[in-house]
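J.: Mind looking over this structure? Questions follow.
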Amino acid sequence: MTRGKLYLIPTPLADTAPSAVLPSSVLEIIPTLDCFVVEETRTARRFLSAAGLKGHIDGLEFHELNEHTRPEDVEQFAALFEGGRNVGLLSEAGLPAVADPGALLVALCHRNGIEVIPLTGPSSLMMALMASGLNGQAFAFAGYIPVKADERRAALRSLEKRSAQWHETEIMIETPYRNDSLLKDMLDTLSGGTLLTVAADITLPTQLIRTLPVARWKRETGFTVGKRPCVFLILAGGKA
């Protein structure tokens with residue numbers, strides 16, 4: 001049976017023109033596809049319209065894959081590739097399958113011998129690491145840490161200990177409305193010499209990327225991240 005390919009299509013991290021953050025080679029592939037697996041159809045339609053498919057959106061086929069999708073429903077997506085049909089995978093922002101439910105489709109493709117083609121685009125995690133000045137030779141993505149304050153502080157202490165042991169940069173993200181709660185717990189919990197990077201609104205005109213020891217951050221009175229996309233990074237073992 002002839003099978004198509006899965007193209008992993010990056011999307012802008014925020015309300016940015018696709019041409020500002022995506023290579024022309026990616027924008028050339030998008031119009032060749034008529035079937036997309038997406039996290040949310042409405043935002044996918046908006047992105048594809050901005051990416052050059054304005055006026056052609058109604059002729060496209062969309063299938064949603066998000067936190068509400070059951071594993072057995074993911075298995076049905078294998079049929080999309082029959083007859084050599086190529087499929088595009090879109091995340092809500094950034095790279096598909098990285099901190100994203102699209103990883104389930106990628107795994108399905110590998111189980112079924114379907115070729116997976118990752119395309120170049122922005123990753124908030126890697127861009128934050130690049131710009132942090134922290135250790136890019138050894139790092140780990142911790143994802144979302146616990147919401148409850150006591151559990152979150154325990155997780156931060158554990159990550160700081162790991163960072164010190166392995167000289168490893170620890171990368172975290174948070175739901176925007178909890179950014180400042182996480183920042184407060186970091187400043188209350190982490191050692192003064194631990195380096196902390198706050199990387200917000202990456203690729204936007206309002207971008208802020210700043211690295212300071214925790215002790216210095218504590219002197220930044222009145223600083224808030226606010227409700228905007230943000231990546232937090234720490235590296236233990238420094239001096240306050």
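Every chain in the structure tokens has a letter given in the order shown (A, B, ...), and although residue numbers restart at 1 in each chain, ligands are simply numbered from 1 in the order shown.
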If you run DSSP over the backbone, which residues in range 7-153 of chain A end up alpha helix (DSSP H)? Put them as an NGL selection string.

T.: :A and (18-21 or 24-29 or 41-48 or 71-75 or 103-111 or 124-132 or 149-153)

J.: Could you jot down the CA of Ala236 in chain A to CA of Ala149 in chain A separation for me, Å, one decimal place?

T.: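 Value for the CA of Ala236 in chain A-CA of Ala149 in chain A distance: 21.0 Å.
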
J.: Please indicate the distance in Å from CA of Thr206 in chain A to CA of Lys227 in chain A, rounded to one decimal place.

T.: 12.6 Å

J.: Give me, as a list in words, all polymer residues having an atom no more than 8 Å from Phe139 in chain A, counting only C-alpha atoms and skipping those fewer than 3 positions away in the same chain.

T.: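 Non-adjacent residues within range: Asn135, Gly136, Glu168, Thr169, Glu170 and Ile171 of chain A.
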
J.: Tell me which of A:Gly94, A:Pro146, A:Pro101, A:Gly222 sits closest to Asn66 in chain A, counting only C-alpha atoms.

T.: A:Pro101

J.: Quick one: distance from CA of Ser91 in chain A to CA of Thr32 in chain A in Å, one decimal?

T.: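 Value for the CA of Ser91 in chain A-CA of Thr32 in chain A distance: 18.4 Å.
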
J.: Nearest residue to Leu204 in chain A out of A:Gly84, A:Gly4, A:Pro176, A:Pro12, using only C-alpha atoms?

T.: A:Pro12

J.: At a cut-off of 10 Å, can you tabulate as JSON lines every residue of range 84-190 of chain A near range 41-58 of chain A together with its closest atom pair and the distance in Å to one decimal, using only C-alpha atoms and ordering rows by chain then number?

T.:
```
{"residue": "A:Leu89", "atom": "CA", "partner": "A:Ala44", "partner_atom": "CA", "distance": 10.0}
{"residue": "A:Leu90", "atom": "CA", "partner": "A:Ala44", "partner_atom": "CA", "distance": 7.1}
{"residue": "A:Ser91", "atom": "CA", "partner": "A:Ala44", "partner_atom": "CA", "distance": 8.3}
{"residue": "A:Glu92", "atom": "CA", "partner": "A:Thr43", "partner_atom": "CA", "distance": 7.2}
{"residue": "A:Ala93", "atom": "CA", "partner": "A:Thr43", "partner_atom": "CA", "distance": 9.7}
```

J.: Please dump the current selection as a short mmCIF file (atom, residue, chain, number, x, y, z; two decimals), in the first residue's frame; keep N, CA, C and O atoms.

T.:
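Result file is part.cif:
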```cif
data_model
loop_
_atom_site.label_atom_id
_atom_site.label_comp_id
_atom_site.auth_asym_id
_atom_site.auth_seq_id
_atom_site.Cartn_x
_atom_site.Cartn_y
_atom_site.Cartn_z
N LEU A 89 1.00 18.40 9.95
CA LEU A 89 0.68 18.47 11.38
C LEU A 89 1.00 19.86 11.89
O LEU A 89 2.11 20.36 11.71
N LEU A 90 0.02 20.51 12.52
CA LEU A 90 0.19 21.87 13.05
C LEU A 90 0.00 21.87 14.56
O LEU A 90 -0.94 21.27 15.08
N SER A 91 0.87 22.59 15.25
CA SER A 91 0.70 22.86 16.67
C SER A 91 0.02 24.22 16.81
O SER A 91 -0.12 24.96 15.84
N GLU A 92 -0.39 24.56 18.01
CA GLU A 92 -0.95 25.89 18.24
C GLU A 92 0.11 26.97 18.10
O GLU A 92 -0.17 28.08 17.68
N ALA A 93 1.35 26.65 18.49
CA ALA A 93 2.44 27.62 18.39
C ALA A 93 3.76 26.88 18.44
O ALA A 93 3.95 25.97 19.25
#
```
